[in-house]
$ cat coords09.cif   # mmCIF, C-alpha atoms and all ligand atoms
data_run
loop_
_atom_site.label_atom_id
_atom_site.label_comp_id
_atom_site.auth_asym_id
_atom_site.auth_seq_id
_atom_site.Cartn_x
_atom_site.Cartn_y
_atom_site.Cartn_z
CA MET A 178 101.40 54.59 74.83
CA LEU A 179 102.86 52.23 77.38
CA ILE A 180 102.47 51.37 81.05
CA ASP A 181 105.26 50.23 83.37
CA SER A 182 103.48 47.48 85.33
CA HIS A 183 106.18 47.17 88.01
CA CYS A 184 108.62 49.66 89.51
CA HIS A 185 109.71 50.85 92.95
CA LEU A 186 109.37 54.62 93.10
CA ASP A 187 109.83 54.56 96.89
CA PHE A 188 113.46 53.43 96.58
CA ASP A 189 115.90 56.27 97.26
CA VAL A 190 117.45 56.53 93.82
CA LEU A 191 113.99 57.18 92.32
CA SER A 192 112.19 58.93 95.21
CA SER A 193 114.99 61.48 95.51
CA ASP A 194 114.15 62.73 92.00
CA LEU A 195 110.50 61.83 91.66
CA PRO A 196 109.40 64.84 89.54
CA GLY A 197 112.27 64.15 87.11
CA VAL A 198 111.47 60.44 86.96
CA ILE A 199 107.81 61.15 86.20
CA THR A 200 108.64 63.79 83.59
CA ARG A 201 111.02 61.47 81.73
CA MET A 202 108.44 58.71 81.93
CA ARG A 203 105.80 60.86 80.23
CA GLU A 204 108.32 62.09 77.62
CA ALA A 205 108.89 58.43 76.68
CA ASP A 206 105.12 58.09 76.14
CA VAL A 207 104.82 55.88 79.20
CA VAL A 208 101.52 57.15 80.59
CA GLY A 209 101.53 55.41 83.94
CA CYS A 210 103.13 52.92 86.28
CA VAL A 211 102.48 50.80 89.34
CA THR A 212 104.83 51.40 92.24
CA ILE A 213 105.09 48.03 93.94
CA SER A 214 105.17 47.46 97.68
CA THR A 215 107.96 45.45 99.29
CA TRP A 216 106.97 46.24 102.91
CA VAL A 217 103.46 46.64 104.31
CA LYS A 218 104.95 49.06 106.85
CA GLU A 219 105.77 51.41 103.93
CA TYR A 220 102.09 51.81 103.07
CA ALA A 221 101.95 55.52 103.93
CA LEU A 222 104.90 56.32 101.66
CA LEU A 223 103.49 54.40 98.69
CA GLU A 224 100.06 55.90 99.20
CA LYS A 225 101.58 59.39 99.22
CA ILE A 226 103.50 58.81 95.97
CA ALA A 227 100.41 57.46 94.21
CA GLN A 228 98.18 60.16 95.61
CA THR A 229 100.39 63.01 94.40
CA GLN A 230 101.13 61.66 90.88
CA GLU A 231 98.66 61.23 88.07
CA ASN A 232 98.36 57.68 86.73
CA VAL A 233 100.71 56.26 89.34
CA TRP A 234 99.09 53.41 91.22
CA PHE A 235 100.42 51.25 94.04
CA SER A 236 100.22 47.76 95.50
CA ILE A 237 100.47 46.42 99.03
CA GLY A 238 102.42 43.40 100.25
CA THR A 239 105.61 41.96 101.74
CA HIS A 240 108.46 40.99 99.43
CA PRO A 241 109.74 37.45 100.15
CA CYS A 242 113.17 38.86 101.02
CA ASN A 243 111.52 40.97 103.76
CA VAL A 244 109.31 38.25 105.22
CA ALA A 245 111.75 37.38 108.03
CA GLU A 246 111.40 40.95 109.30
CA GLU A 247 107.69 41.30 108.49
CA PRO A 248 106.36 37.78 109.05
CA ASP A 249 102.88 38.36 110.44
CA VAL A 250 101.05 40.05 107.60
CA GLN A 251 97.55 38.61 107.34
CA ALA A 252 95.17 38.55 104.40
CA SER A 253 92.69 40.66 106.36
CA GLU A 254 95.22 43.47 106.78
CA LEU A 255 96.11 43.38 103.08
CA ILE A 256 92.43 43.50 102.19
CA ASP A 257 91.82 46.53 104.43
CA LEU A 258 94.81 48.45 103.05
CA SER A 259 94.00 47.60 99.45
CA ALA A 260 90.64 49.39 99.72
CA HIS A 261 92.40 52.67 98.79
CA GLU A 262 91.21 53.83 95.37
CA LYS A 263 94.74 53.88 93.92
CA CYS A 264 95.80 50.53 95.36
CA VAL A 265 95.37 48.21 92.38
CA ALA A 266 97.23 45.01 93.33
CA ILE A 267 98.47 42.72 96.11
CA GLY A 268 102.19 42.00 96.53
CA GLU A 269 104.83 41.65 95.57
CA ALA A 270 104.88 38.30 97.33
CA GLY A 271 106.29 34.90 96.50
CA LEU A 272 109.43 32.89 97.08
CA ASP A 273 113.07 33.89 96.74
CA TYR A 274 115.42 31.01 97.52
CA PHE A 275 118.29 32.76 95.76
CA HIS A 276 118.60 35.55 98.34
CA ASN A 277 116.82 34.10 101.38
CA PRO A 278 116.65 30.30 101.42
CA GLU A 279 116.70 30.34 105.24
CA SER A 280 113.22 31.91 105.48
CA SER A 281 111.52 29.57 103.01
CA ASP A 282 108.83 28.40 105.44
CA LEU A 283 107.90 31.93 106.46
CA GLN A 284 107.87 32.92 102.78
CA LYS A 285 105.41 30.14 101.92
CA THR A 286 103.05 31.12 104.72
CA SER A 287 103.17 34.77 103.73
CA PHE A 288 102.72 33.91 100.04
CA ARG A 289 99.50 32.05 100.87
CA GLN A 290 98.17 35.02 102.88
CA HIS A 291 98.77 37.23 99.87
CA ILE A 292 97.03 34.72 97.60
CA SER A 293 94.06 34.71 99.94
CA ALA A 294 93.88 38.51 99.81
CA ALA A 295 94.04 38.46 96.00
CA ARG A 296 91.29 35.85 95.83
CA GLN A 297 89.02 37.78 98.18
CA THR A 298 89.56 41.21 96.62
CA GLY A 299 89.88 40.14 92.99
CA LEU A 300 93.00 42.32 92.79
CA PRO A 301 95.93 40.81 90.87
CA LEU A 302 98.74 39.23 92.88
CA ILE A 303 102.25 40.31 91.87
CA ILE A 304 104.38 37.18 92.18
CA HIS A 305 108.13 37.31 92.75
CA ALA A 306 109.80 33.95 91.98
CA ARG A 307 113.52 33.35 92.22
CA LYS A 308 115.13 29.88 92.24
CA ALA A 309 111.86 28.45 93.55
CA ASP A 310 110.02 27.22 90.46
CA GLU A 311 108.83 23.92 91.94
CA ASP A 312 107.40 25.36 95.15
CA ILE A 313 105.79 28.30 93.35
CA GLU A 314 104.17 25.91 90.92
CA ALA A 315 102.92 23.57 93.67
CA ILE A 316 101.43 26.43 95.71
CA LEU A 317 99.80 28.01 92.65
CA ARG A 318 98.17 24.71 91.74
CA GLU A 319 96.99 23.95 95.28
CA GLU A 320 95.64 27.43 95.89
CA SER A 321 93.94 27.65 92.51
CA GLU A 322 91.94 24.58 93.46
CA GLN A 323 90.62 26.52 96.46
CA GLY A 324 89.40 29.24 94.10
CA ALA A 325 90.88 31.20 91.23
CA PHE A 326 92.79 34.46 91.75
CA PRO A 327 94.32 36.83 89.19
CA PHE A 328 98.12 36.97 89.11
CA VAL A 329 101.23 37.93 87.19
CA LEU A 330 104.62 36.24 87.33
CA HIS A 331 106.58 39.47 87.39
CA CYS A 332 110.09 40.01 85.98
CA PHE A 333 109.76 36.57 84.49
CA SER A 334 113.07 34.75 84.88
CA SER A 335 111.90 31.23 85.70
CA GLY A 336 111.83 28.11 83.58
CA ALA A 337 109.50 27.10 80.76
CA GLN A 338 107.55 24.74 83.01
CA LEU A 339 106.51 27.52 85.41
CA ALA A 340 105.56 29.71 82.45
CA LYS A 341 103.34 26.93 81.14
CA THR A 342 101.67 26.32 84.50
CA GLY A 343 101.18 30.05 85.13
CA LEU A 344 99.48 30.51 81.77
CA GLU A 345 97.39 27.39 82.27
CA LEU A 346 96.11 28.76 85.57
CA GLY A 347 95.08 32.02 83.89
CA GLY A 348 98.12 34.07 84.90
CA TYR A 349 100.07 36.71 83.00
CA LEU A 350 103.83 36.88 82.36
CA SER A 351 105.59 40.21 82.74
CA PHE A 352 108.99 40.75 81.14
CA SER A 353 111.67 43.18 82.26
CA GLY A 354 114.96 44.46 80.82
CA ILE A 355 116.40 40.97 81.37
CA VAL A 356 115.04 39.93 77.95
CA THR A 357 117.36 42.45 76.30
CA PHE A 358 120.45 40.78 77.80
CA ASN A 359 122.45 38.42 75.58
CA SER A 360 122.63 35.94 78.45
CA ALA A 361 118.85 35.50 78.64
CA LYS A 362 118.09 33.50 75.51
CA GLU A 363 115.77 31.04 77.26
CA ILE A 364 113.68 33.83 78.80
CA LEU A 365 113.50 35.57 75.43
CA GLU A 366 112.14 32.37 73.87
CA ILE A 367 109.44 32.22 76.56
CA ALA A 368 108.61 35.89 75.91
CA LYS A 369 108.35 35.25 72.16
CA ALA A 370 105.99 32.32 72.73
CA CYS A 371 103.80 34.06 75.36
CA PRO A 372 100.20 34.45 74.13
CA SER A 373 99.40 38.01 72.99
CA ASP A 374 96.65 38.41 75.57
CA ARG A 375 98.84 37.44 78.56
CA ILE A 376 102.03 39.43 78.11
CA LEU A 377 103.03 42.51 80.10
CA VAL A 378 106.14 44.69 80.27
CA GLU A 379 107.81 46.28 83.27
CA THR A 380 111.06 47.83 84.42
CA ASP A 381 111.40 46.60 88.04
CA ALA A 382 113.22 49.94 88.40
CA PRO A 383 115.60 50.87 89.90
CA TYR A 384 116.97 47.39 89.08
CA LEU A 385 117.71 45.69 85.76
CA ALA A 386 117.99 48.59 83.34
CA PRO A 387 117.56 47.26 79.79
CA THR A 388 120.17 47.58 77.07
CA PRO A 389 121.40 50.31 76.23
CA HIS A 390 121.25 51.52 79.85
CA ARG A 391 122.41 48.28 81.44
CA GLY A 392 124.30 48.80 84.70
CA LYS A 393 122.75 52.22 85.35
CA PRO A 394 119.79 52.88 87.66
CA ASN A 395 116.60 51.90 85.87
CA GLN A 396 113.50 54.13 85.62
CA PRO A 397 109.98 53.74 84.22
CA ALA A 398 110.87 55.61 80.99
CA TYR A 399 113.13 52.71 80.04
CA VAL A 400 110.25 50.27 79.68
CA ARG A 401 110.22 51.68 76.16
CA HIS A 402 113.47 49.84 75.33
CA THR A 403 112.20 46.51 76.63
CA SER A 404 108.91 46.89 74.82
CA ASP A 405 110.47 47.82 71.47
CA PHE A 406 112.98 44.98 71.80
CA LEU A 407 110.18 42.47 72.41
CA ALA A 408 108.03 43.84 69.58
CA ASN A 409 110.96 43.33 67.23
CA ALA A 410 111.62 39.82 68.58
CA ARG A 411 107.96 38.90 68.12
CA GLY A 412 107.97 40.39 64.63
CA ILE A 413 105.28 43.00 65.16
CA GLU A 414 105.13 46.79 65.02
CA SER A 415 106.06 48.62 68.23
CA SER A 416 102.79 50.52 68.17
CA GLU A 417 100.84 47.29 67.94
CA PHE A 418 102.81 45.75 70.82
CA ASP A 419 102.24 48.92 72.90
CA ARG A 420 98.55 48.63 72.25
CA LEU A 421 98.29 45.02 73.29
CA THR A 422 100.40 45.21 76.48
CA THR A 423 98.45 48.31 77.55
CA GLU A 424 95.18 46.51 76.90
CA ASN A 425 96.45 43.52 78.89
CA PHE A 426 97.50 45.81 81.71
CA PHE A 427 93.99 47.25 82.10
CA GLN A 428 92.50 43.80 81.78
CA LEU A 429 94.56 42.48 84.70
CA PHE A 430 94.82 45.68 86.76
CA ALA A 431 91.14 46.32 86.32
CA LYS A 432 90.93 48.79 89.21
CA ALA A 433 93.41 51.18 87.53
CA SER A 434 91.92 53.84 85.31
CA LEU A 435 93.59 56.75 83.57
CA GLU A 436 93.14 60.16 85.18
ZN ZN B 1 110.35 41.01 92.42
ZN ZN B 2 109.99 44.41 92.27
#

$ encode --input "coords09.cif" --output "structure tokens" --more "lines below"
Ligand SMILES: [Zn+2]
Ligand SMILES: [Zn+2]
Amino acid sequence: MLIDSHCHLDFDVLSSDLPGVITRMREADVVGCVTISTWVKEYALLEKIAQTQENVWFSIGTHPCNVAEEPDVQASELIDLSAHEKCVAIGEAGLDYFHNPESSDLQKTSFRQHISAARQTGLPLIIHARKADEDIEAILREESEQGAFPFVLHCFSSGAQLAKTGLELGGYLSFSGIVTFNSAKEILEIAKACPSDRILVETDAPYLAPTPHRGKPNQPAYVRHTSDFLANARGIESSEFDRLTTENFFQLFAKASLE
């Protein structure tokens, strides 16, 4: 069995066919998933999805690309909202200088509020990092000195240096369908070298469908392709890789438990 550690079931292309998405997920032996928040204002929608679906959990946070429109989220608010029994993580938060370089200062402030919430709750922080390796690394180091917090560098697509720092600080690396693309050799090398107790898999659906579904809307069922591809690349049995990423998932997302 597998878990999709990161998807967006509230996005139209998935929410418009939620029963179908969940059925196909279970048929692919993917037993659960975390639907990740990109807006705190969408809390009620995420809560409803998680509440009505077995083994679907949710997170709460502001995506860096939405920070300009939702700039004032405080750690205290994130902590209050994350008290829900099916809210198992903080984020996604972080820095995205590819899409929104103009809001970099707001993104940094918001990122630190999310880190504070993760530190105080002990819930894992889902980190989104795009074209911002140096600033992500600096903030992770600084904040870790103030007190450790659990985190995952999700949809890992950064450089080897950030991977190294993330692992050194106790973080996890989560790999998406990107690793199945021919163009992503460097990321695949990082995935092959990632320690067995710190690797996770995800879809980031509806984005980034893995080969052989590349270009189509992604869905949690497709985490199977990414996982089997990585098992093969790492030279281990699929079933063994399933077992270890699922174990890692419950280690990091310790509040999630199967229903
Ligand atoms: Zn992201
Ligand atoms: Zn995402």

$ closest_atom_pairs --input "coords09.cif" --of "range 256-332 of chain A" --to "range 418-435 of chain A" --cutoff "8 Å" --atoms "all atoms listed in the file" --output "CSV"
residue,atom,partner,partner_atom,distance
A:Glu262,CA,A:Lys432,CA,8.0
A:Lys263,CA,A:Ala433,CA,7.1
A:Val265,CA,A:Lys432,CA,5.5
A:Ala266,CA,A:Phe430,CA,7.0
A:Leu300,CA,A:Phe430,CA,7.1
A:Pro301,CA,A:Phe430,CA,6.5
A:Pro327,CA,A:Leu429,CA,7.2
A:Phe328,CA,A:Leu429,CA,7.9

$ residues_around --input "coords09.cif" --residues "Arg411 in chain A" --least-positions-apart "2" --cutoff "12 Å" --atoms "only C-alpha atoms" --output "NGL selection string"
:A and (365-373 or 376 or 404-409 or 413-415 or 417-418)

$ write_last_selection --input "coords09.cif" --atoms "C-alpha atoms" --output "PDB file, in the frame of the given file"
ATOM      1  CA  LEU A 365     113.500  35.570  75.430  1.00  0.00           C
ATOM      2  CA  GLU A 366     112.140  32.370  73.870  1.00  0.00           C
ATOM      3  CA  ILE A 367     109.440  32.220  76.560  1.00  0.00           C
ATOM      4  CA  ALA A 368     108.610  35.890  75.910  1.00  0.00           C
ATOM      5  CA  LYS A 369     108.350  35.250  72.160  1.00  0.00           C
ATOM      6  CA  ALA A 370     105.990  32.320  72.730  1.00  0.00           C
ATOM      7  CA  CYS A 371     103.800  34.060  75.360  1.00  0.00           C
ATOM      8  CA  PRO A 372     100.200  34.450  74.130  1.00  0.00           C
ATOM      9  CA  SER A 373      99.400  38.010  72.990  1.00  0.00           C
ATOM     10  CA  ILE A 376     102.030  39.430  78.110  1.00  0.00           C
ATOM     11  CA  SER A 404     108.910  46.890  74.820  1.00  0.00           C
ATOM     12  CA  ASP A 405     110.470  47.820  71.470  1.00  0.00           C
ATOM     13  CA  PHE A 406     112.980  44.980  71.800  1.00  0.00           C
ATOM     14  CA  LEU A 407     110.180  42.470  72.410  1.00  0.00           C
ATOM     15  CA  ALA A 408     108.030  43.840  69.580  1.00  0.00           C
ATOM     16  CA  ASN A 409     110.960  43.330  67.230  1.00  0.00           C
ATOM     17  CA  ILE A 413     105.280  43.000  65.160  1.00  0.00           C
ATOM     18  CA  GLU A 414     105.130  46.790  65.020  1.00  0.00           C
ATOM     19  CA  SER A 415     106.060  48.620  68.230  1.00  0.00           C
ATOM     20  CA  GLU A 417     100.840  47.290  67.940  1.00  0.00           C
ATOM     21  CA  PHE A 418     102.810  45.750  70.820  1.00  0.00           C
TER      22      PHE A 418
END

$ closest_residue --input "coords09.cif" --among "A:Cys242, A:Ile226, A:Val207, A:Ala294" --to "ligand ZN 1 (chain B)" --atoms "only C-alpha atoms and all ligand atoms"
A:Cys242

$ residues_near_ligand --input "coords09.cif" --ligand "ligand ZN 2 (chain B)" --cutoff "9 Å" --atoms "only C-alpha atoms and all ligand atoms" --output "list in words"
His183, Cys184, His185, Thr212, Ile213, Ser214, Thr215, His240, Glu269, Ile303, His305, His331, Cys332, Thr380, Asp381, Ala382, Pro383 and Tyr384 of chain A

$ closest_residue --input "coords09.cif" --among "A:Tyr399, A:Tyr274, A:Tyr220, A:Phe333" --to "ligand ZN 1 (chain B)" --atoms "all atoms listed in the file"
A:Phe333

$ closest_residue --input "coords09.cif" --among "A:Pro241, A:Gly348, A:Gly336, A:Pro389" --to "ligand ZN 1 (chain B)" --atoms "all atoms listed in the file"
A:Pro241

$ residues_around --input "coords09.cif" --residues "Phe288 in chain A" --least-positions-apart "5" --cutoff "9 Å" --atoms "all atoms listed in the file" --output "number ranges by chain"
A: 239, 241, 268, 270-272, 283, 293, 304, 316

$ write_last_selection --input "coords09.cif" --atoms "C-alpha atoms" --output "PDB file, keeping the file's coordinate frame"
ATOM      1  CA  THR A 239     105.610  41.960 101.740  1.00  0.00           C
ATOM      2  CA  PRO A 241     109.740  37.450 100.150  1.00  0.00           C
ATOM      3  CA  GLY A 268     102.190  42.000  96.530  1.00  0.00           C
ATOM      4  CA  ALA A 270     104.880  38.300  97.330  1.00  0.00           C
ATOM      5  CA  GLY A 271     106.290  34.900  96.500  1.00  0.00           C
ATOM      6  CA  LEU A 272     109.430  32.890  97.080  1.00  0.00           C
ATOM      7  CA  LEU A 283     107.900  31.930 106.460  1.00  0.00           C
ATOM      8  CA  SER A 293      94.060  34.710  99.940  1.00  0.00           C
ATOM      9  CA  ILE A 304     104.380  37.180  92.180  1.00  0.00           C
ATOM     10  CA  ILE A 316     101.430  26.430  95.710  1.00  0.00           C
TER      11      ILE A 316
END

$ atom_distance --input "coords09.cif" --atom1 "CA of His402 in chain A" --atom2 "CA of Thr388 in chain A"
7.3 Å

$ closest_residue --input "coords09.cif" --among "A:Pro248, A:Gly392, A:Gly238, A:Pro397" --to "ligand ZN 1 (chain B)" --atoms "all atoms listed in the file"
A:Gly238

$ closest_residue --input "coords09.cif" --among "A:Leu255, A:Ala227, A:Leu385, A:Ala398" --to "ligand ZN 1 (chain B)" --atoms "only C-alpha atoms and all ligand atoms"
A:Leu385

$ atom_distance --input "coords09.cif" --atom1 "CA of Leu223 in chain A" --atom2 "CA of Ala260 in chain A"
13.8 Å

$ residues_around --input "coords09.cif" --residues "Asp206 in chain A" --least-positions-apart "5" --cutoff "9 Å" --atoms "all atoms listed in the file" --output "compact mmCIF listing (two decimals) with C-alpha atoms, in the frame of the given file"
# COMPACT_ATOMS: atom_id res chain seq x y z
CA MET A 178 101.40 54.59 74.83
CA LEU A 179 102.86 52.23 77.38
CA ILE A 180 102.47 51.37 81.05
CA ARG A 201 111.02 61.47 81.73
CA ALA A 398 110.87 55.61 80.99
CA ARG A 401 110.22 51.68 76.16

$ closest_residue --input "coords09.cif" --among "A:Gln230, A:Val378, A:Arg391, A:Ser287" --to "Leu195 in chain A" --atoms "all atoms listed in the file"
A:Gln230

$ atom_distance --input "coords09.cif" --atom1 "CA of Thr403 in chain A" --atom2 "CA of Pro387 in chain A"
6.3 Å

$ axis_aligned_box --input "coords09.cif" --around "range 239-242 of chain A" --padding-each-side "8 Å" --output "JSON"
{"center_x": 109.4, "center_y": 39.7, "center_z": 100.6, "size_x": 23.6, "size_y": 20.5, "size_z": 18.3}

$ decode --input "coords09.cif" --residues "range 229-253 of chain A" --atoms "N, CA, C and O atoms" --output "PDB file, in the first residue's frame"
ATOM      1  N   THR A 229     -15.318  14.041   4.964  1.00  0.00           N
ATOM      2  CA  THR A 229     -16.243  13.130   4.292  1.00  0.00           C
ATOM      3  C   THR A 229     -15.531  11.943   3.627  1.00  0.00           C
ATOM      4  O   THR A 229     -16.194  11.050   3.099  1.00  0.00           O
ATOM      5  N   GLN A 230     -14.196  11.923   3.623  1.00  0.00           N
ATOM      6  CA  GLN A 230     -13.475  10.823   2.961  1.00  0.00           C
ATOM      7  C   GLN A 230     -12.563  10.115   3.960  1.00  0.00           C
ATOM      8  O   GLN A 230     -11.777  10.765   4.641  1.00  0.00           O
ATOM      9  N   GLU A 231     -12.665   8.815   3.958  1.00  0.00           N
ATOM     10  CA  GLU A 231     -11.811   8.011   4.828  1.00  0.00           C
ATOM     11  C   GLU A 231     -10.339   8.130   4.412  1.00  0.00           C
ATOM     12  O   GLU A 231     -10.022   8.091   3.218  1.00  0.00           O
ATOM     13  N   ASN A 232      -9.474   8.265   5.392  1.00  0.00           N
ATOM     14  CA  ASN A 232      -8.026   8.326   5.149  1.00  0.00           C
ATOM     15  C   ASN A 232      -7.606   9.440   4.187  1.00  0.00           C
ATOM     16  O   ASN A 232      -6.633   9.313   3.457  1.00  0.00           O
ATOM     17  N   VAL A 233      -8.383  10.518   4.203  1.00  0.00           N
ATOM     18  CA  VAL A 233      -7.957  11.752   3.532  1.00  0.00           C
ATOM     19  C   VAL A 233      -7.757  12.783   4.633  1.00  0.00           C
ATOM     20  O   VAL A 233      -8.675  13.062   5.404  1.00  0.00           O
ATOM     21  N   TRP A 234      -6.554  13.279   4.731  1.00  0.00           N
ATOM     22  CA  TRP A 234      -6.218  14.271   5.748  1.00  0.00           C
ATOM     23  C   TRP A 234      -5.964  15.607   5.054  1.00  0.00           C
ATOM     24  O   TRP A 234      -5.863  15.651   3.840  1.00  0.00           O
ATOM     25  N   PHE A 235      -5.836  16.669   5.843  1.00  0.00           N
ATOM     26  CA  PHE A 235      -5.564  17.968   5.221  1.00  0.00           C
ATOM     27  C   PHE A 235      -4.527  18.758   6.016  1.00  0.00           C
ATOM     28  O   PHE A 235      -4.152  18.387   7.126  1.00  0.00           O
ATOM     29  N   SER A 236      -4.038  19.823   5.376  1.00  0.00           N
ATOM     30  CA  SER A 236      -3.084  20.719   6.031  1.00  0.00           C
ATOM     31  C   SER A 236      -3.675  22.119   6.011  1.00  0.00           C
ATOM     32  O   SER A 236      -4.720  22.348   5.391  1.00  0.00           O
ATOM     33  N   ILE A 237      -3.006  23.057   6.673  1.00  0.00           N
ATOM     34  CA  ILE A 237      -3.470  24.442   6.638  1.00  0.00           C
ATOM     35  C   ILE A 237      -2.284  25.400   6.474  1.00  0.00           C
ATOM     36  O   ILE A 237      -1.276  25.267   7.173  1.00  0.00           O
ATOM     37  N   GLY A 238      -2.420  26.295   5.488  1.00  0.00           N
ATOM     38  CA  GLY A 238      -1.340  27.253   5.254  1.00  0.00           C
ATOM     39  C   GLY A 238      -1.589  28.075   4.001  1.00  0.00           C
ATOM     40  O   GLY A 238      -2.561  27.858   3.274  1.00  0.00           O
ATOM     41  N   THR A 239      -0.694  29.026   3.765  1.00  0.00           N
ATOM     42  CA  THR A 239      -0.763  29.905   2.587  1.00  0.00           C
ATOM     43  C   THR A 239       0.396  29.606   1.652  1.00  0.00           C
ATOM     44  O   THR A 239       1.563  29.736   2.037  1.00  0.00           O
ATOM     45  N   HIS A 240       0.084  29.211   0.440  1.00  0.00           N
ATOM     46  CA  HIS A 240       1.105  28.957  -0.584  1.00  0.00           C
ATOM     47  C   HIS A 240       1.856  30.262  -0.881  1.00  0.00           C
ATOM     48  O   HIS A 240       1.235  31.332  -0.933  1.00  0.00           O
ATOM     49  N   PRO A 241       3.181  30.183  -1.098  1.00  0.00           N
ATOM     50  CA  PRO A 241       3.928  31.417  -1.369  1.00  0.00           C
ATOM     51  C   PRO A 241       3.367  32.240  -2.532  1.00  0.00           C
ATOM     52  O   PRO A 241       3.442  33.470  -2.516  1.00  0.00           O
ATOM     53  N   CYS A 242       2.790  31.588  -3.525  1.00  0.00           N
ATOM     54  CA  CYS A 242       2.231  32.333  -4.655  1.00  0.00           C
ATOM     55  C   CYS A 242       0.947  33.072  -4.275  1.00  0.00           C
ATOM     56  O   CYS A 242       0.469  33.907  -5.042  1.00  0.00           O
ATOM     57  N   ASN A 243       0.371  32.754  -3.114  1.00  0.00           N
ATOM     58  CA  ASN A 243      -0.855  33.424  -2.671  1.00  0.00           C
ATOM     59  C   ASN A 243      -0.612  34.426  -1.551  1.00  0.00           C
ATOM     60  O   ASN A 243      -1.555  35.062  -1.066  1.00  0.00           O
ATOM     61  N   VAL A 244       0.632  34.554  -1.136  1.00  0.00           N
ATOM     62  CA  VAL A 244       0.958  35.393   0.023  1.00  0.00           C
ATOM     63  C   VAL A 244       0.592  36.862  -0.198  1.00  0.00           C
ATOM     64  O   VAL A 244       0.131  37.541   0.720  1.00  0.00           O
ATOM     65  N   ALA A 245       0.772  37.364  -1.430  1.00  0.00           N
ATOM     66  CA  ALA A 245       0.448  38.765  -1.689  1.00  0.00           C
ATOM     67  C   ALA A 245      -1.026  39.048  -1.407  1.00  0.00           C
ATOM     68  O   ALA A 245      -1.395  40.131  -0.975  1.00  0.00           O
ATOM     69  N   GLU A 246      -1.869  38.037  -1.640  1.00  0.00           N
ATOM     70  CA  GLU A 246      -3.306  38.224  -1.405  1.00  0.00           C
ATOM     71  C   GLU A 246      -3.751  37.755  -0.021  1.00  0.00           C
ATOM     72  O   GLU A 246      -4.881  38.010   0.392  1.00  0.00           O
ATOM     73  N   GLU A 247      -2.869  37.023   0.662  1.00  0.00           N
ATOM     74  CA  GLU A 247      -3.207  36.539   2.014  1.00  0.00           C
ATOM     75  C   GLU A 247      -1.973  36.723   2.904  1.00  0.00           C
ATOM     76  O   GLU A 247      -1.371  35.753   3.370  1.00  0.00           O
ATOM     77  N   PRO A 248      -1.599  37.984   3.127  1.00  0.00           N
ATOM     78  CA  PRO A 248      -0.291  38.262   3.733  1.00  0.00           C
ATOM     79  C   PRO A 248      -0.242  38.197   5.256  1.00  0.00           C
ATOM     80  O   PRO A 248       0.847  38.148   5.818  1.00  0.00           O
ATOM     81  N   ASP A 249      -1.399  38.207   5.913  1.00  0.00           N
ATOM     82  CA  ASP A 249      -1.382  38.437   7.360  1.00  0.00           C
ATOM     83  C   ASP A 249      -1.588  37.199   8.210  1.00  0.00           C
ATOM     84  O   ASP A 249      -1.962  37.290   9.369  1.00  0.00           O
ATOM     85  N   VAL A 250      -1.371  36.035   7.636  1.00  0.00           N
ATOM     86  CA  VAL A 250      -1.596  34.818   8.411  1.00  0.00           C
ATOM     87  C   VAL A 250      -0.545  34.698   9.514  1.00  0.00           C
ATOM     88  O   VAL A 250       0.647  34.790   9.270  1.00  0.00           O
ATOM     89  N   GLN A 251      -1.033  34.521  10.730  1.00  0.00           N
ATOM     90  CA  GLN A 251      -0.146  34.433  11.889  1.00  0.00           C
ATOM     91  C   GLN A 251      -0.044  32.998  12.386  1.00  0.00           C
ATOM     92  O   GLN A 251      -0.975  32.207  12.221  1.00  0.00           O
ATOM     93  N   ALA A 252       1.068  32.707  13.049  1.00  0.00           N
ATOM     94  CA  ALA A 252       1.254  31.368  13.604  1.00  0.00           C
ATOM     95  C   ALA A 252       0.084  30.974  14.497  1.00  0.00           C
ATOM     96  O   ALA A 252      -0.402  29.841  14.448  1.00  0.00           O
ATOM     97  N   SER A 253      -0.395  31.921  15.300  1.00  0.00           N
ATOM     98  CA  SER A 253      -1.482  31.594  16.245  1.00  0.00           C
ATOM     99  C   SER A 253      -2.738  31.103  15.525  1.00  0.00           C
ATOM    100  O   SER A 253      -3.399  30.167  15.986  1.00  0.00           O
TER     101      SER A 253
END
